[in-house]
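A.B. asks: Next comes the structure file my_file_13.cif, holding mmCIF, C-alpha atoms.
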data_protein
#
loop_
_atom_site.label_atom_id
_atom_site.label_comp_id
_atom_site.auth_asym_id
_atom_site.auth_seq_id
_atom_site.Cartn_x
_atom_site.Cartn_y
_atom_site.Cartn_z
CA MET A 17 0.57 -40.01 44.37
CA VAL A 18 4.18 -38.94 43.75
CA SER A 19 3.78 -39.85 40.10
CA GLY A 20 0.67 -37.66 39.82
CA ILE A 21 2.38 -34.68 41.46
CA ARG A 22 5.45 -35.17 39.29
CA SER A 23 3.27 -35.18 36.15
CA LEU A 24 1.51 -32.02 37.30
CA LEU A 25 4.83 -30.27 37.99
CA LEU A 26 6.25 -31.27 34.61
CA MET A 27 3.14 -30.00 32.91
CA LEU A 28 3.25 -26.67 34.79
CA MET A 29 6.95 -26.24 34.07
CA GLY A 30 6.41 -26.82 30.37
CA ALA A 31 3.40 -24.51 30.08
CA PRO A 32 5.39 -21.24 30.05
CA LEU A 33 7.79 -22.66 27.48
CA PHE A 34 4.89 -23.80 25.33
CA ALA A 35 3.29 -20.35 25.57
CA CYS A 36 6.49 -18.63 24.42
CA SER A 37 7.32 -21.06 21.66
CA GLY A 38 4.92 -19.50 19.18
CA ALA A 39 3.23 -22.86 18.70
CA ALA A 40 -0.52 -22.95 19.01
CA PRO A 41 -2.02 -25.23 21.67
CA PRO A 42 -3.25 -28.52 20.21
CA GLY A 43 -6.51 -28.09 18.35
CA GLN A 44 -6.08 -24.32 17.99
CA ALA A 45 -4.62 -22.38 15.09
CA HIS A 46 -2.97 -18.99 15.21
CA PRO A 47 -5.07 -16.28 13.66
CA ALA A 48 -3.82 -15.27 10.24
CA PRO A 49 -1.60 -12.19 10.39
CA GLU A 50 -3.32 -9.03 9.19
CA LEU A 51 -2.19 -7.78 5.82
CA VAL A 52 -0.69 -4.33 5.45
CA SER A 53 -3.48 -1.98 4.32
CA LEU A 54 -3.06 0.61 1.60
CA GLU A 55 -3.32 3.30 4.27
CA GLN A 56 -0.40 1.68 6.12
CA ALA A 57 1.59 1.08 2.94
CA LEU A 58 1.18 4.72 1.95
CA GLN A 59 2.38 6.35 5.14
CA GLY A 60 4.18 9.48 4.04
CA PHE A 61 1.92 9.92 0.99
CA SER A 62 0.51 13.23 2.30
CA ASN A 63 3.92 14.83 1.68
CA CYS A 64 5.00 12.49 -1.16
CA ARG A 65 7.67 10.80 0.96
CA LEU A 66 7.09 7.11 0.32
CA HIS A 67 10.41 5.61 1.35
CA ASP A 68 9.75 1.99 0.39
CA PHE A 69 7.48 2.52 -2.60
CA TYR A 70 9.86 1.49 -5.37
CA ARG A 71 11.14 -1.62 -7.13
CA ASP A 72 14.50 -3.23 -6.57
CA GLY A 73 16.40 -6.35 -7.62
CA ASP A 74 16.73 -8.31 -10.81
CA PRO A 75 14.05 -8.66 -11.96
CA PRO A 76 12.81 -5.57 -10.13
CA GLU A 77 10.08 -6.23 -7.57
CA PRO A 78 8.25 -3.86 -5.22
CA VAL A 79 9.97 -3.39 -1.87
CA ASN A 80 6.86 -2.44 0.13
CA PRO A 81 5.40 -5.38 2.11
CA TYR A 82 1.90 -4.57 0.77
CA PHE A 83 2.93 -5.98 -2.62
CA ARG A 84 4.77 -9.03 -1.28
CA GLU A 85 1.87 -10.06 0.97
CA ARG A 86 -0.44 -10.06 -2.05
CA SER A 87 2.05 -11.61 -4.49
CA LEU A 88 1.96 -8.41 -6.57
CA LEU A 89 5.54 -8.67 -7.76
CA ILE A 90 5.05 -8.16 -11.49
CA PRO A 91 3.27 -5.07 -12.84
CA CYS A 92 0.18 -5.60 -14.98
CA GLU A 93 1.43 -2.82 -17.28
CA VAL A 94 4.60 -0.81 -17.80
CA ASP A 95 4.58 2.51 -19.62
CA ALA A 96 8.11 2.51 -21.02
CA ALA A 97 7.91 6.11 -22.26
CA ALA A 98 6.80 7.51 -18.89
CA GLU A 99 8.86 4.91 -16.95
CA ILE A 100 5.87 3.97 -14.77
CA ALA A 101 4.89 0.49 -13.58
CA TYR A 102 1.21 -0.17 -12.84
CA PHE A 103 0.03 -2.85 -10.42
CA CYS A 104 -3.59 -4.00 -10.80
CA VAL A 105 -5.42 -4.39 -7.49
CA LYS A 106 -8.90 -4.53 -6.01
CA ASP A 107 -8.59 -2.55 -2.81
CA SER A 108 -9.71 0.68 -1.19
CA PHE A 109 -8.04 3.77 0.20
CA HIS A 110 -10.11 5.57 2.84
CA GLY A 111 -13.23 4.07 1.28
CA LEU A 112 -12.34 4.89 -2.34
CA PRO A 113 -12.10 1.91 -4.72
CA VAL A 114 -8.56 1.47 -6.06
CA ASP A 115 -7.81 -0.63 -9.13
CA ARG A 116 -4.24 0.46 -9.97
CA ILE A 117 -1.17 1.52 -8.07
CA GLU A 118 1.62 3.25 -9.93
CA MET A 119 5.27 3.55 -9.07
CA PRO A 120 8.45 4.36 -10.98
CA SER A 121 9.77 1.63 -13.25
CA SER A 122 13.24 3.17 -13.16
CA THR A 123 15.30 5.50 -11.02
CA ALA A 124 14.90 8.27 -13.61
CA ALA A 125 11.13 8.62 -13.15
CA PHE A 126 9.28 9.61 -10.03
CA SER A 127 5.53 9.17 -10.11
CA GLN A 128 3.62 7.35 -7.42
CA GLY A 129 -0.09 7.12 -6.94
CA LEU A 130 -3.45 5.44 -6.74
CA HIS A 131 -6.07 5.14 -9.47
CA PHE A 132 -9.69 5.27 -8.32
CA THR A 133 -12.70 3.91 -10.16
CA VAL A 134 -14.77 7.00 -9.31
CA PRO A 135 -14.92 10.50 -10.87
CA VAL A 136 -12.60 13.17 -9.51
CA GLU A 137 -15.37 15.11 -7.70
CA GLN A 138 -16.56 12.01 -5.86
CA ALA A 139 -12.97 11.18 -4.85
CA ARG A 140 -12.38 14.81 -3.81
CA ALA A 141 -15.41 14.75 -1.48
CA VAL A 142 -14.31 11.49 0.19
CA LEU A 143 -10.69 12.64 0.60
CA LEU A 144 -11.80 15.98 2.04
CA ARG A 145 -14.05 14.18 4.55
CA THR A 146 -11.52 11.48 5.51
CA LEU A 147 -8.15 13.24 5.17
CA GLY A 148 -9.11 16.91 5.45
CA SER A 149 -7.77 17.87 2.01
CA ASP A 150 -9.27 18.03 -1.47
CA PHE A 151 -5.80 17.53 -2.98
CA ALA A 152 -6.29 20.28 -5.55
CA ARG A 153 -3.27 21.43 -7.53
CA SER A 154 -1.04 23.60 -5.36
CA ALA A 155 2.49 24.96 -5.13
CA ALA A 156 3.31 21.95 -2.91
CA SER A 157 2.02 19.47 -5.50
CA ASP A 158 3.87 21.29 -8.30
CA GLU A 159 7.07 20.92 -6.23
CA GLY A 160 6.42 17.22 -5.57
CA ASN A 161 5.71 17.77 -1.87
CA ALA A 162 1.99 16.90 -1.88
CA PRO A 163 -0.26 14.62 -3.92
CA GLU A 164 -2.67 16.03 -6.48
CA LEU A 165 -6.04 14.55 -7.34
CA VAL A 166 -6.55 14.50 -11.11
CA GLU A 167 -9.09 13.24 -13.61
CA ILE A 168 -7.93 10.41 -15.85
CA PRO A 169 -8.08 12.11 -19.29
CA GLU A 170 -9.11 8.96 -21.17
CA ASP A 171 -11.96 8.24 -18.74
CA PRO A 172 -13.67 11.04 -16.78
CA GLN A 173 -15.34 8.40 -14.60
CA ARG A 174 -11.91 7.67 -13.08
CA SER A 175 -9.44 9.71 -11.05
CA ALA A 176 -5.96 9.39 -9.59
CA LEU A 177 -4.15 10.72 -6.55
CA LEU A 178 -0.56 11.26 -7.70
CA CYS A 179 2.78 12.38 -6.34
CA ILE A 180 4.91 13.57 -9.22
CA GLN A 181 8.42 14.85 -8.67
CA PRO A 182 9.41 17.60 -11.09
CA PHE A 183 12.38 17.03 -13.36
CA GLY A 184 15.52 19.04 -12.83
#
Starting from the file, give its structure as structure tokens.
C.D. replies:
Amino acid sequence: MVSGIRSLLLMLMGAPLFACSGAAPPGQAHPAPELVSLEQALQGFSNCRLHDFYRDGDPPEPVNPYFRERSLLIPCEVDAAAEIAYFCVKDSFHGLPVDRIEMPSSTAAFSQGLHFTVPVEQARAVLLRTLGSDFARSAASDEGNAPELVEIPEDPQRSALLCIQPFG
């Protein structure tokens, strides 16, 4: 009897420690942590203040956890003339399909944005419905304080929501 009570007490004493240890009970696995969404990664995008949306290190890698969680450490393309790095993705932003994310490839350039696989008018309608703005060109976008939705010149079936800081 004493042995049974002792076993029960030892088990009850260890239960709180087991619960706090971070280990899953036998036979159960922890749920996989949720990945950072594009909406979360782009907090501050509405006023073009993306504080961790750049590359750092040698070789330079994106700082934002969105990229690390998806092993997107090397751009799929770098435009050396414009100093922009492009990261190829298959994701969505407020329901719009995103296939490229751009960020500066140096400290001299400042362009950040998302490339959508839909025409500008379709993207404009979705952004107006979900975010309350059509992101048309404005004084704020010209000053680098708001994103602007633009058509991709080479492909009118694509669009991009860009924050571009003016030079000077």
A.B. asks: Pick the closest to A:Glu55 from A:Ala96, A:Ile168, A:Leu147, A:Ala176: which is it, counting all atoms listed in the file?
C.D. replies: A:Leu147
A.B. asks: Care to translate the PyMOL selection byres ((chain A and resi 149-152) around 9) into actual residues of this file, as a ChimeraX atom specification?
C.D. replies: /A:139-148,153-154,157,162-166,177
A.B. asks: For the file shown, what are the residues hit by the PyMOL selection byres ((chain A and resi 77) around 12), laid out as a ChimeraX atom specification?
C.D. replies: /A:68-76,78-84,87-91,101-103,119-122
A.B. asks: Return as an NGL selection string the set of residues that the PyMOL selection byres ((chain A and resi 116) around 8) yields on the displayed structure.
C.D. replies: :A and (102-106 or 114-115 or 117-118 or 130-132)
A.B. asks: Could the residues in this selection be saved with C-alpha atoms as a JSON list (two decimals), in the coordinates of the input?
C.D. replies:
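Output below, filename out.json:
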[["chain", "number", "residue", "atom", "x", "y", "z"],
["A", 102, "TYR", "CA", 1.21, -0.17, -12.84],
["A", 103, "PHE", "CA", 0.03, -2.85, -10.42],
["A", 104, "CYS", "CA", -3.59, -4.00, -10.80],
["A", 105, "VAL", "CA", -5.42, -4.39, -7.49],
["A", 106, "LYS", "CA", -8.90, -4.53, -6.01],
["A", 114, "VAL", "CA", -8.56, 1.47, -6.06],
["A", 115, "ASP", "CA", -7.81, -0.63, -9.13],
["A", 117, "ILE", "CA", -1.17, 1.52, -8.07],
["A", 118, "GLU", "CA", 1.62, 3.25, -9.93],
["A", 130, "LEU", "CA", -3.45, 5.44, -6.74],
["A", 131, "HIS", "CA", -6.07, 5.14, -9.47],
["A", 132, "PHE", "CA", -9.69, 5.27, -8.32]]
A.B. asks: Given 4 Å on each side, where is the centre and what are the edge lengths in Å to one decimal of the axis-aligned box enclosing the listed atoms of stretch 153-160 of chain A, as AutoDock Vina command-line options?
C.D. replies:
--center_x 1.9 --center_y 21.1 --center_z -5.6 --size_x 18.3 --size_y 15.7 --size_z 13.4
A.B. asks: Using atom CA of A:Gln173 and atom CA of A:Val134 as the two end points, give the distance in Å to one decimal.
C.D. replies: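 We find that atom CA of A:Gln173 and atom CA of A:Val134 lie 5.5 Å from each other.
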